[in-house]
file query-v8.txt (compact mmCIF, C-alpha atoms)
# COMPACT_ATOMS: atom_id res chain seq x y z
CA MET A 1 -14.24 -8.62 -19.88
CA ARG A 2 -13.20 -12.03 -18.60
CA ILE A 3 -12.21 -10.55 -15.22
CA ILE A 4 -15.58 -8.79 -14.86
CA PHE A 5 -17.39 -12.05 -15.61
CA PHE A 6 -15.54 -13.99 -12.89
CA LYS A 7 -16.16 -11.19 -10.36
CA ILE A 8 -19.88 -11.42 -11.08
CA ARG A 9 -19.77 -15.22 -10.64
CA PHE A 10 -17.99 -14.86 -7.33
CA ALA A 11 -20.44 -12.18 -6.11
CA ILE A 12 -23.40 -14.47 -6.87
CA ASN A 13 -21.72 -17.43 -5.15
CA PHE A 14 -20.79 -15.25 -2.16
CA LEU A 15 -24.35 -13.98 -1.69
CA ILE A 16 -25.84 -17.48 -1.94
CA ASN A 17 -23.31 -18.99 0.52
CA PHE A 18 -22.60 -15.89 2.63
CA PHE A 19 -22.42 -17.64 6.01
CA ASN A 20 -20.03 -20.35 4.73
CA PHE A 21 -17.40 -17.96 3.41
CA LYS A 22 -14.40 -17.47 5.70
CA VAL A 23 -11.14 -15.56 5.42
CA LEU A 24 -8.31 -18.12 5.37
CA LYS A 25 -4.57 -17.61 5.41
CA VAL A 26 -2.79 -18.78 2.25
CA LYS A 27 0.38 -20.88 2.27
CA LYS A 28 2.43 -22.69 -0.32
CA TYR A 29 3.39 -26.32 0.32
CA LYS A 30 7.02 -25.36 0.99
CA ASN A 31 5.93 -23.01 3.79
CA PHE A 32 3.74 -25.56 5.55
CA LYS A 33 4.74 -28.46 7.78
CA TYR A 34 3.29 -31.50 6.03
CA LYS A 35 3.55 -34.92 7.64
CA GLU A 36 5.88 -36.62 5.15
CA GLU A 37 7.81 -35.93 1.93
CA LYS A 38 9.39 -38.32 -0.53
CA ILE A 39 11.22 -36.91 -3.55
CA LEU A 40 10.16 -38.74 -6.72
CA GLU A 41 12.08 -36.76 -9.35
CA ASN A 42 14.93 -34.26 -9.09
CA LYS A 43 14.78 -30.86 -10.78
CA ALA A 44 15.02 -31.03 -14.56
CA ARG A 45 16.16 -28.71 -17.33
CA VAL A 46 13.29 -26.98 -19.15
CA LYS A 47 13.37 -26.69 -22.93
CA TYR A 48 11.28 -24.44 -25.18
CA LEU A 49 10.38 -24.73 -28.83
CA ILE A 50 11.16 -21.58 -30.78
CA PRO A 51 8.21 -21.13 -33.15
CA LYS A 52 8.39 -19.48 -36.55
CA PHE A 53 5.76 -16.89 -37.46
CA PHE A 54 4.35 -16.79 -40.99
CA ASN A 55 3.14 -13.27 -40.35
CA LYS A 56 4.31 -10.64 -37.87
CA ARG A 57 5.35 -11.84 -34.41
CA PRO A 58 3.88 -9.85 -31.47
CA LYS A 59 6.64 -7.46 -30.36
CA LYS A 60 5.87 -7.69 -26.64
CA ILE A 61 5.56 -11.46 -26.31
CA THR A 62 7.65 -13.08 -23.58
CA ASN A 63 8.85 -16.65 -23.29
CA LYS A 64 11.63 -18.64 -21.61
CA ILE A 65 10.67 -17.42 -18.14
CA ASN A 66 11.68 -20.67 -16.38
CA TYR A 67 14.83 -22.72 -16.90
CA TYR A 68 14.59 -25.56 -14.38
CA PHE A 69 11.53 -27.46 -13.27
CA PRO A 70 11.65 -28.04 -9.50
CA LYS A 71 11.80 -31.42 -7.81
CA ILE A 72 8.62 -33.47 -7.77
CA SER A 73 7.58 -34.84 -4.38
CA PHE A 74 5.04 -37.19 -2.82
CA LEU A 75 3.56 -35.32 0.16
CA THR A 76 1.36 -36.48 3.02
CA PHE A 77 -0.96 -34.26 5.06
CA LYS A 78 -3.01 -35.08 8.17
CA LYS A 79 -6.69 -34.22 8.70
CA VAL A 80 -7.37 -31.90 5.76
CA LYS A 81 -10.27 -31.03 3.47
CA VAL A 82 -10.27 -31.39 -0.30
CA TYR A 83 -12.88 -30.23 -2.82
CA GLY A 84 -14.15 -31.55 -6.13
CA TYR A 85 -12.65 -29.67 -9.10
CA SER A 86 -10.00 -27.91 -7.03
CA SER A 87 -6.39 -28.73 -6.17
CA PHE A 88 -6.55 -26.61 -3.01
CA ILE A 89 -6.22 -28.23 0.41
CA VAL A 90 -7.70 -26.71 3.57
CA LYS A 91 -6.09 -27.37 6.94
CA ASP A 92 -7.71 -25.61 9.92
CA ASN A 93 -7.58 -21.90 8.99
CA PHE A 94 -5.09 -22.32 6.13
CA LEU A 95 -5.64 -22.77 2.41
CA LEU A 96 -2.67 -24.66 0.92
CA HIS A 97 -1.60 -24.65 -2.71
CA HIS A 98 1.41 -25.89 -4.65
CA ASP A 99 4.52 -23.76 -5.07
CA LEU A 100 4.04 -22.84 -8.76
CA ILE A 101 0.87 -20.85 -8.07
CA ASN A 102 1.49 -17.18 -7.35
CA THR A 103 -1.80 -15.60 -6.33
CA ASN A 104 -0.17 -12.18 -5.99
CA THR A 105 0.70 -11.98 -9.68
CA ASN A 106 -1.80 -14.31 -11.38
CA TYR A 107 -5.47 -15.18 -11.18
CA CYS A 108 -6.19 -18.86 -10.60
CA LEU A 109 -8.91 -20.93 -12.21
CA GLU A 110 -10.80 -21.23 -8.92
CA GLU A 111 -11.23 -17.45 -9.02
CA PHE A 112 -12.55 -17.52 -12.59
CA GLN A 113 -14.98 -20.24 -11.53
CA GLY A 114 -16.32 -18.00 -8.74
CA LYS A 115 -15.14 -20.29 -5.92
CA CYS A 116 -12.91 -17.82 -4.09
CA TRP A 117 -11.36 -14.37 -3.98
CA PHE A 118 -7.69 -13.86 -3.14
CA ILE A 119 -7.12 -10.65 -1.21
CA LYS A 120 -3.98 -8.86 -0.06
CA ASN A 121 -1.63 -10.12 2.66
CA ASN A 122 -1.91 -13.75 1.48
CA LYS A 123 -5.53 -14.20 2.47
CA VAL A 124 -8.49 -15.65 0.62
CA LEU A 125 -12.27 -15.66 0.89
CA TRP A 126 -13.17 -19.34 0.65
CA ASN A 127 -16.41 -21.30 0.98
CA GLN A 128 -15.50 -23.23 4.17
CA ARG A 129 -18.45 -25.61 4.00
CA LYS A 130 -18.81 -28.63 6.24
CA SER A 131 -17.47 -31.90 4.88
CA ASP A 132 -19.95 -34.13 3.07
CA TYR A 133 -18.21 -37.29 4.28
CA LYS A 134 -14.92 -38.63 5.65
CA ILE A 135 -12.21 -40.86 4.15
CA ASN A 136 -9.37 -42.43 6.10
CA GLU A 137 -6.67 -42.37 3.39
CA ALA A 138 -6.51 -41.22 -0.24
CA ILE A 139 -4.34 -39.54 -2.86
CA SER A 140 -5.85 -36.51 -4.56
CA PHE A 141 -5.74 -35.78 -8.28
CA LEU A 142 -8.60 -33.28 -8.00
CA ASP A 143 -7.99 -30.13 -10.01
CA SER A 144 -9.87 -27.05 -11.22
CA ALA A 145 -8.54 -27.68 -14.76
CA SER A 146 -9.36 -31.41 -14.98
CA PHE A 147 -12.34 -30.75 -17.29
CA ASN A 148 -9.97 -29.43 -19.99
CA TYR A 149 -8.31 -32.09 -22.15
CA ALA A 150 -5.04 -30.19 -22.70
CA HIS A 151 -4.55 -29.46 -18.99
CA TRP A 152 -5.48 -33.04 -18.11
CA ILE A 153 -2.91 -34.46 -20.56
CA SER A 154 -0.09 -32.09 -19.60
CA GLU A 155 -0.67 -31.45 -15.88
CA ILE A 156 -2.86 -34.09 -14.20
CA LEU A 157 -2.37 -37.38 -16.07
CA PRO A 158 1.46 -37.15 -15.75
CA LYS A 159 1.05 -37.08 -11.95
CA ILE A 160 -1.11 -40.20 -12.14
CA TYR A 161 1.57 -41.78 -14.33
CA LEU A 162 4.17 -40.97 -11.66
CA TYR A 163 1.94 -42.56 -9.04
CA ARG A 164 1.85 -45.71 -11.16
CA LYS A 165 5.62 -45.59 -11.69
CA TYR A 166 6.43 -45.51 -7.96
CA TYR A 167 3.36 -46.99 -6.27
CA LYS A 168 1.97 -49.51 -8.76
CA THR A 169 1.22 -52.14 -6.11
CA LYS A 170 -0.05 -49.74 -3.42
CA LYS A 171 -3.79 -50.15 -2.90
CA ILE A 172 -5.09 -46.70 -2.14
CA LEU A 173 -8.09 -44.58 -3.07
CA LEU A 174 -7.50 -42.22 -6.01
CA LEU A 175 -9.67 -39.10 -5.84
CA ILE A 176 -10.68 -38.06 -9.37
CA ASP A 177 -13.18 -35.41 -10.44
CA LYS A 178 -16.55 -36.73 -11.57
CA ASN A 179 -18.22 -36.28 -14.99
CA LEU A 180 -14.99 -35.96 -16.93
CA ASN A 181 -14.92 -36.36 -20.71
CA LYS A 182 -14.94 -39.97 -21.96
CA ASN A 183 -11.51 -39.52 -23.59
CA ILE A 184 -10.05 -38.27 -20.33
CA LEU A 185 -11.42 -41.32 -18.53
CA GLN A 186 -10.08 -43.62 -21.24
CA SER A 187 -6.59 -42.16 -20.86
CA LEU A 188 -6.88 -42.65 -17.09
CA ARG A 189 -7.82 -46.33 -17.47
CA ILE A 190 -4.85 -46.95 -19.78
CA VAL A 191 -2.40 -45.44 -17.29
CA ILE A 192 -3.70 -47.21 -14.16
CA LYS A 193 -4.50 -50.56 -15.79
CA ASP A 194 -2.79 -53.50 -14.03
CA THR A 195 -2.31 -51.48 -10.84
CA SER A 196 -3.98 -51.84 -7.46
CA ALA A 197 -5.53 -48.38 -7.71
CA VAL A 198 -9.14 -47.84 -6.62
CA ILE A 199 -10.95 -44.78 -8.03
CA LYS A 200 -13.31 -42.51 -6.12
CA GLN A 201 -15.06 -39.90 -8.29
CA VAL A 202 -15.81 -36.62 -6.53
CA ASN A 203 -18.64 -34.26 -7.48
CA LYS A 204 -17.98 -30.62 -8.31
CA GLY A 205 -17.72 -28.63 -5.06
CA GLU A 206 -18.06 -31.71 -2.86
CA CYS A 207 -16.04 -31.44 0.35
CA ILE A 208 -14.22 -34.45 1.83
CA LEU A 209 -12.42 -34.67 5.14
CA VAL A 210 -9.38 -36.95 4.69
CA ASN A 211 -7.50 -38.24 7.72
CA LYS A 212 -4.35 -39.05 5.72
CA LEU A 213 -4.08 -37.29 2.36
CA HIS A 214 -1.31 -37.80 -0.21
CA THR A 215 -0.59 -35.55 -3.15
CA ILE A 216 2.07 -35.27 -5.84
CA THR A 217 3.52 -31.84 -6.54
CA PRO A 218 3.10 -30.47 -10.09
CA VAL A 219 4.57 -32.08 -13.19
CA GLY A 220 3.23 -29.22 -15.27
CA PHE A 221 1.38 -25.98 -14.68
CA SER A 222 0.12 -23.01 -16.68
CA ASN A 223 -1.08 -19.74 -15.22
CA ILE A 224 -4.57 -18.75 -16.32
CA SER A 225 -4.17 -14.97 -16.52
CA PRO A 226 -1.69 -12.41 -15.16
CA LYS A 227 -3.04 -9.63 -12.95
CA ASN A 228 -0.70 -7.22 -14.74
CA ILE A 229 -0.35 -8.22 -18.39
CA LEU A 230 2.50 -5.71 -18.87
CA LYS A 231 4.81 -7.77 -16.66
CA LYS A 232 6.61 -10.95 -17.70
CA HIS A 233 4.62 -14.09 -17.09
CA SER A 234 4.97 -17.78 -17.86
CA HIS A 235 2.58 -19.26 -20.41
CA GLY A 236 3.40 -22.79 -19.34
CA PHE A 237 5.94 -24.63 -17.24
CA PHE A 238 6.41 -28.40 -17.59
CA ASN A 239 8.70 -31.27 -16.69
CA GLN A 240 9.02 -32.48 -20.28
CA LYS A 241 11.00 -35.55 -19.24
CA ILE A 242 8.02 -36.96 -17.34
CA ILE A 243 5.50 -35.96 -20.02
CA ASN A 244 7.62 -37.76 -22.64
CA GLU A 245 7.93 -40.81 -20.37
CA MET A 246 4.16 -40.91 -20.01
CA SER A 247 3.49 -40.41 -23.73
CA ASN A 248 5.91 -43.25 -24.59
CA PHE A 249 4.20 -45.48 -22.03
CA ILE A 250 0.76 -44.78 -23.53
CA SER A 251 2.07 -45.10 -27.11
CA ASN A 252 3.44 -48.55 -26.32
CA LYS A 253 0.04 -49.56 -24.97
CA ILE A 254 -1.74 -48.27 -28.08
CA ARG A 255 -0.18 -49.90 -31.13
CA ALA A 256 -0.65 -47.85 -34.30
CA LYS A 257 -0.24 -49.31 -37.77
CA GLU A 258 1.15 -47.00 -40.43
CA ASP A 259 -1.76 -45.25 -42.11
CA ASN A 260 -1.06 -42.94 -45.06
CA ARG A 261 -4.51 -41.33 -44.70
CA TYR A 262 -3.25 -39.39 -41.71
CA LYS A 263 0.16 -38.20 -42.89
CA LYS A 264 -1.25 -34.68 -43.48
CA ILE A 265 -4.14 -33.62 -41.25
CA PHE A 266 -6.12 -30.50 -40.44
CA LEU A 267 -7.59 -30.29 -36.92
CA SER A 268 -10.82 -28.39 -37.37
CA ARG A 269 -12.97 -26.69 -34.73
CA ASP A 270 -16.23 -26.47 -36.70
CA ASP A 271 -18.22 -26.41 -33.46
CA SER A 272 -16.17 -23.66 -31.83
CA LYS A 273 -16.11 -19.88 -31.81
CA ARG A 274 -12.31 -20.18 -32.16
CA ASN A 275 -12.58 -21.49 -35.71
CA VAL A 276 -11.13 -19.62 -38.69
CA GLN A 277 -13.23 -17.13 -40.65
CA ASN A 278 -14.36 -18.16 -44.14
CA VAL A 279 -14.02 -21.74 -42.93
CA ASN A 280 -15.71 -23.28 -45.99
CA LYS A 281 -13.21 -21.69 -48.39
CA PHE A 282 -10.38 -22.63 -46.05
CA ASN A 283 -11.54 -26.27 -45.99
CA ILE A 284 -11.47 -26.40 -49.80
CA ILE A 285 -7.93 -25.01 -49.90
CA ILE A 286 -6.75 -27.48 -47.25
CA LYS A 287 -8.33 -30.41 -49.09
CA ASN A 288 -6.68 -29.39 -52.38
CA LEU A 289 -3.32 -29.35 -50.57
CA GLY A 290 -3.82 -32.98 -49.56
CA TYR A 291 -4.80 -32.49 -45.88
CA LYS A 292 -7.41 -34.73 -44.27
CA LYS A 293 -9.87 -32.84 -42.09
CA ILE A 294 -10.26 -34.29 -38.58
CA LEU A 295 -12.93 -33.48 -35.98
CA PHE A 296 -11.51 -34.86 -32.75
CA LYS A 297 -14.76 -34.54 -30.85
CA ASP A 298 -15.92 -37.57 -32.87
CA LEU A 299 -12.92 -39.77 -31.93
CA ASP A 300 -12.03 -41.69 -28.80
CA PHE A 301 -8.69 -41.36 -27.04
CA GLU A 302 -7.00 -44.36 -28.67
CA ASP A 303 -7.93 -43.16 -32.17
CA GLN A 304 -6.51 -39.71 -31.39
CA VAL A 305 -3.21 -41.21 -30.24
CA LYS A 306 -2.99 -43.39 -33.37
CA ILE A 307 -3.64 -40.45 -35.69
CA PHE A 308 -0.97 -38.28 -34.05
CA LYS A 309 1.53 -41.13 -34.14
CA ASN A 310 1.03 -41.30 -37.93
CA ALA A 311 0.83 -37.61 -38.82
CA LYS A 312 3.91 -35.86 -40.17
CA ASP A 313 2.33 -32.55 -41.18
CA ILE A 314 -0.42 -30.94 -39.08
CA ILE A 315 -2.41 -27.73 -39.41
CA ALA A 316 -4.60 -26.89 -36.42
CA VAL A 317 -6.78 -24.18 -34.98
CA SER A 318 -5.23 -23.71 -31.54
CA GLY A 319 -7.15 -25.71 -28.94
CA ALA A 320 -7.07 -28.58 -26.47
CA SER A 321 -6.66 -31.34 -29.08
CA VAL A 322 -3.19 -29.96 -29.96
CA ALA A 323 -1.98 -31.44 -26.65
CA ASN A 324 -1.97 -34.79 -28.49
CA MET A 325 1.27 -33.61 -30.10
CA ILE A 326 3.03 -35.27 -27.15
CA PHE A 327 2.38 -38.53 -29.05
CA SER A 328 3.85 -37.24 -32.33
CA PRO A 329 7.27 -38.33 -33.60
CA LYS A 330 10.17 -35.89 -33.67
CA LYS A 331 10.36 -33.37 -36.53
CA THR A 332 6.59 -33.40 -37.10
CA ARG A 333 5.56 -30.08 -38.61
CA LEU A 334 2.80 -28.23 -36.74
CA VAL A 335 1.15 -25.05 -38.05
CA LEU A 336 -1.02 -23.40 -35.39
CA ILE A 337 -3.69 -20.86 -36.28
CA ALA A 338 -4.28 -18.51 -33.34
CA ASN A 339 -5.52 -15.06 -32.41
CA PHE A 340 -3.06 -12.18 -32.44
CA ARG A 341 -2.37 -10.82 -28.95
CA GLU A 342 0.13 -8.01 -28.40
CA TYR A 343 1.54 -9.57 -25.21
CA GLY A 344 1.06 -13.10 -26.47
CA PRO A 345 -0.79 -14.71 -23.52
CA GLY A 346 -1.16 -18.40 -24.26
CA LEU A 347 0.96 -18.44 -27.41
CA PHE A 348 3.86 -20.12 -25.63
CA TYR A 349 1.73 -22.73 -23.86
CA PHE A 350 2.35 -25.37 -26.53
CA PRO A 351 6.01 -24.39 -27.14
CA ALA A 352 6.57 -24.99 -23.41
CA MET A 353 4.66 -28.28 -23.28
CA LEU A 354 6.31 -29.69 -26.42
CA GLY A 355 9.83 -28.43 -25.67
CA GLY A 356 11.22 -31.95 -25.39
CA LYS A 357 9.77 -33.22 -28.69
CA LYS A 358 11.74 -31.20 -31.30
CA ILE A 359 8.54 -30.30 -33.16
CA ASP A 360 8.81 -27.95 -36.17
CA LEU A 361 6.34 -25.33 -34.94
CA HIS A 362 4.88 -22.45 -36.95
CA TYR A 363 2.22 -19.84 -36.11
CA ILE A 364 -0.31 -18.12 -38.32
CA LEU A 365 -1.80 -15.26 -36.29
CA SER A 366 -5.06 -13.49 -37.02
CA LYS A 367 -4.76 -9.87 -38.05
CA LYS A 368 -4.53 -7.32 -35.26
CA LYS A 369 -7.79 -5.35 -35.09
call {"tool": "encode", "arguments": {"input": "query-v8.txt", "output": "structure tokens"}}
result
Amino acid sequence: MRIIFFKIRFAINFLINFFNFKVLKVKKYKNFKYKEEKILENKARVKYLIPKFFNKRPKKITNKINYYFPKISFLTFKKVKVYGYSSFIVKDNFLLHHDLINTNTNYCLEEFQGKCWFIKNNKVLWNQRKSDYKINEAISFLDSASFNYAHWISEILPKIYLYRKYYKTKKILLLIDKNLNKNILQSLRIVIKDTSAVIKQVNKGECILVNKLHTITPVGFSNISPKNILKKHSHGFFNQKIINEMSNFISNKIRAKEDNRYKKIFLSRDDSKRNVQNVNKFNIIIKNLGYKKILFKDLDFEDQVKIFKNAKDIIAVSGASVANMIFSPKKTRLVLIANFREYGPGLFYFPAMLGGKKIDLHYILSKKK
């Protein structure tokens, strides 16, 4: 159903912008001659949490696909186009993407958003619109997943942290997607505070021609959906060392006093279709067990960090707010309520992200229909 929906979105976009769509060749960064490369971090061992299942574990679930996260580099390209809410770079007749994307085996978020269509022989139908304006030099943190809090925290903000770590005094334009959630922007301000960074917010779909573009290769990445669900696929792939460095940096900036009100918390999704059935009865049970119900949509970023730094026992409906577990102390117990899926897509996203934290992770899965 999800695939049909994105095909319809693309068809509508294609018809509206028919004369702008071009067939471009697709290349990974490693197969393209970029201007400069500086290695920031060497490859790192990947760890995975092994969750416990209160009810039956899906038999066909796969995990532990990757064992080493590749080196992380600072790359420079000459005379390229970038687009709001996309990490893709266009150079002449080539569409460039980072090495962890495999468009032959997985759909990308740009496809689900109706922006493009990857076809065989490493080619793509892309809206090759004219640039709205030009910039001499910038570093891009534009990304199709930047609107999502979990992806921002685990994939985009760590790259900005690395930029701060190595280029704190460099005055350069940071390209960030526009109209991001207030908590995302607050986390950004905390990371780049006391640096020489200058922010340029880019509208969705806006095209910019950059004479000298810098980018940082992934610190984390999760595939959206496999094209063949029967084959092994990675739910998430992260450099946990850098994510932990960043979370410690932010935690030190946000001092949290010990607060016994938040030792046991329940992360509710009352406003979401993902919430548990019979939620009112469930809330009563949780309250009687001593858990404090938390609606994170009502809290700012600093409050979220403080709560997770205090919590020792967490029950949560699986969702973006669970990414805040990167701020939790070791041995925190996390019980995730999630939908049962035979092949388990998405179930090992958080075990991959939190692999360096030694979290005590449990799953409660909905009954298979």
call {"tool": "closest_residue", "arguments": {"input": "query-v8.txt", "among": "A:Pro70, A:Gly319, A:Pro329, A:Pro351", "to": "Tyr149 in chain A", "atoms": "only C-alpha atoms"}}
result
A:Gly319
call {"tool": "closest_atom_pairs", "arguments": {"input": "query-v8.txt", "of": "range 81-149 of chain A", "to": "range 179-197 of chain A", "cutoff": "9 Å", "atoms": "all atoms listed in the file", "output": "Markdown table"}}
result
| residue | atom | partner | partner_atom | distance |
| --- | --- | --- | --- | --- |
| A:Ser146 | CA | A:Leu180 | CA | 7.5 |
| A:Phe147 | CA | A:Leu180 | CA | 5.9 |
| A:Asn148 | CA | A:Asn181 | CA | 8.5 |
| A:Tyr149 | CA | A:Ile184 | CA | 6.7 |
call {"tool": "closest_residue", "arguments": {"input": "query-v8.txt", "among": "A:Leu365, A:Ile72, A:Ile242, A:Val124", "to": "Val23 in chain A", "atoms": "all atoms listed in the file"}}
result
A:Val124
call {"tool": "atom_distance", "arguments": {"input": "query-v8.txt", "atom1": "CA of Lys59 in chain A", "atom2": "CA of Phe340 in chain A"}}
result
11.0 Å
call {"tool": "residues_around", "arguments": {"input": "query-v8.txt", "residues": "range 295-307 of chain A", "least_positions_apart": "3", "cutoff": "6 Å", "atoms": "all atoms listed in the file", "output": "list in words"}}
result
Asn183, Ala256, Ser268 and Asn310 of chain A
call {"tool": "write_last_selection", "arguments": {"input": "query-v8.txt", "atoms": "C-alpha atoms", "output": "PDB file, in the coordinates of the input"}}
result
ATOM      1  CA  ASN A 183     -11.510 -39.520 -23.590  1.00  0.00           C
ATOM      2  CA  ALA A 256      -0.650 -47.850 -34.300  1.00  0.00           C
ATOM      3  CA  SER A 268     -10.820 -28.390 -37.370  1.00  0.00           C
ATOM      4  CA  ASN A 310       1.030 -41.300 -37.930  1.00  0.00           C
TER       5      ASN A 310
END
call {"tool": "atom_distance", "arguments": {"input": "query-v8.txt", "atom1": "CA of Glu137 in chain A", "atom2": "CA of Lys212 in chain A"}}
result
4.7 Å
call {"tool": "residues_around", "arguments": {"input": "query-v8.txt", "residues": "range 219-227 of chain A", "least_positions_apart": "4", "cutoff": "8 Å", "atoms": "all atoms listed in the file", "output": "PDB file with C-alpha atoms, in the coordinates of the input"}}
result
ATOM      1  CA  ILE A  72       8.620 -33.470  -7.770  1.00  0.00           C
ATOM      2  CA  LEU A 100       4.040 -22.840  -8.760  1.00  0.00           C
ATOM      3  CA  ILE A 101       0.870 -20.850  -8.070  1.00  0.00           C
ATOM      4  CA  ASN A 104      -0.170 -12.180  -5.990  1.00  0.00           C
ATOM      5  CA  THR A 105       0.700 -11.980  -9.680  1.00  0.00           C
ATOM      6  CA  ASN A 106      -1.800 -14.310 -11.380  1.00  0.00           C
ATOM      7  CA  TYR A 107      -5.470 -15.180 -11.180  1.00  0.00           C
ATOM      8  CA  CYS A 108      -6.190 -18.860 -10.600  1.00  0.00           C
ATOM      9  CA  LEU A 109      -8.910 -20.930 -12.210  1.00  0.00           C
ATOM     10  CA  SER A 154      -0.090 -32.090 -19.600  1.00  0.00           C
ATOM     11  CA  GLU A 155      -0.670 -31.450 -15.880  1.00  0.00           C
ATOM     12  CA  ILE A 156      -2.860 -34.090 -14.200  1.00  0.00           C
ATOM     13  CA  PRO A 158       1.460 -37.150 -15.750  1.00  0.00           C
ATOM     14  CA  LYS A 159       1.050 -37.080 -11.950  1.00  0.00           C
ATOM     15  CA  HIS A 233       4.620 -14.090 -17.090  1.00  0.00           C
ATOM     16  CA  SER A 234       4.970 -17.780 -17.860  1.00  0.00           C
ATOM     17  CA  HIS A 235       2.580 -19.260 -20.410  1.00  0.00           C
ATOM     18  CA  GLY A 236       3.400 -22.790 -19.340  1.00  0.00           C
ATOM     19  CA  PHE A 237       5.940 -24.630 -17.240  1.00  0.00           C
ATOM     20  CA  PHE A 238       6.410 -28.400 -17.590  1.00  0.00           C
ATOM     21  CA  ASN A 239       8.700 -31.270 -16.690  1.00  0.00           C
ATOM     22  CA  ILE A 242       8.020 -36.960 -17.340  1.00  0.00           C
ATOM     23  CA  ILE A 243       5.500 -35.960 -20.020  1.00  0.00           C
ATOM     24  CA  PRO A 345      -0.790 -14.710 -23.520  1.00  0.00           C
ATOM     25  CA  TYR A 349       1.730 -22.730 -23.860  1.00  0.00           C
TER      26      TYR A 349
END
call {"tool": "atom_distance", "arguments": {"input": "query-v8.txt", "atom1": "CA of Asn102 in chain A", "atom2": "CA of His151 in chain A"}}
result
18.0 Å
call {"tool": "residues_around", "arguments": {"input": "query-v8.txt", "residues": "Gly205 in chain A", "least_positions_apart": "3", "cutoff": "9 Å", "atoms": "all atoms listed in the file", "output": "list in words"}}
result
Tyr83, Gly84, Tyr85, Ser86, Lys115 and Val202 of chain A
call {"tool": "closest_residue", "arguments": {"input": "query-v8.txt", "among": "A:Asp177, A:Glu41, A:Glu111, A:Glu206", "to": "Lys81 in chain A", "atoms": "all atoms listed in the file"}}
result
A:Glu206
call {"tool": "closest_residue", "arguments": {"input": "query-v8.txt", "among": "A:Leu162, A:Lys281, A:Tyr291, A:Leu175", "to": "Met246 in chain A", "atoms": "all atoms listed in the file"}}
result
A:Leu162
call {"tool": "axis_aligned_box", "arguments": {"input": "query-v8.txt", "around": "range 98-110 of chain A", "padding_each_side": "5 Å", "output": "AutoDock Vina command-line options"}}
result
--center_x -3.1 --center_y -18.9 --center_z -8.4 --size_x 25.3 --size_y 23.9 --size_z 17.6
call {"tool": "closest_residue", "arguments": {"input": "query-v8.txt", "among": "A:Cys116, A:Cys207, A:Leu347, A:Val335", "to": "Ile8 in chain A", "atoms": "only C-alpha atoms"}}
result
A:Cys116
call {"tool": "closest_residue", "arguments": {"input": "query-v8.txt", "among": "A:Lys25, A:Lys123, A:Lys171, A:Lys204", "to": "Ser144 in chain A", "atoms": "only C-alpha atoms"}}
result
A:Lys204
call {"tool": "residues_around", "arguments": {"input": "query-v8.txt", "residues": "Ile199 in chain A", "least_positions_apart": "3", "cutoff": "8 Å", "atoms": "all atoms listed in the file", "output": "MDAnalysis selection string"}}
result
chainID A and resid 173:176
call {"tool": "write_last_selection", "arguments": {"input": "query-v8.txt", "atoms": "C-alpha atoms", "output": "mmCIF file, in the frame of the given file"}}
result
data_model
loop_
_atom_site.group_PDB
_atom_site.id
_atom_site.type_symbol
_atom_site.label_atom_id
_atom_site.label_comp_id
_atom_site.auth_asym_id
_atom_site.auth_seq_id
_atom_site.Cartn_x
_atom_site.Cartn_y
_atom_site.Cartn_z
ATOM 1 C CA LEU A 173 -8.090 -44.580 -3.070
ATOM 2 C CA LEU A 174 -7.500 -42.220 -6.010
ATOM 3 C CA LEU A 175 -9.670 -39.100 -5.840
ATOM 4 C CA ILE A 176 -10.680 -38.060 -9.370
#
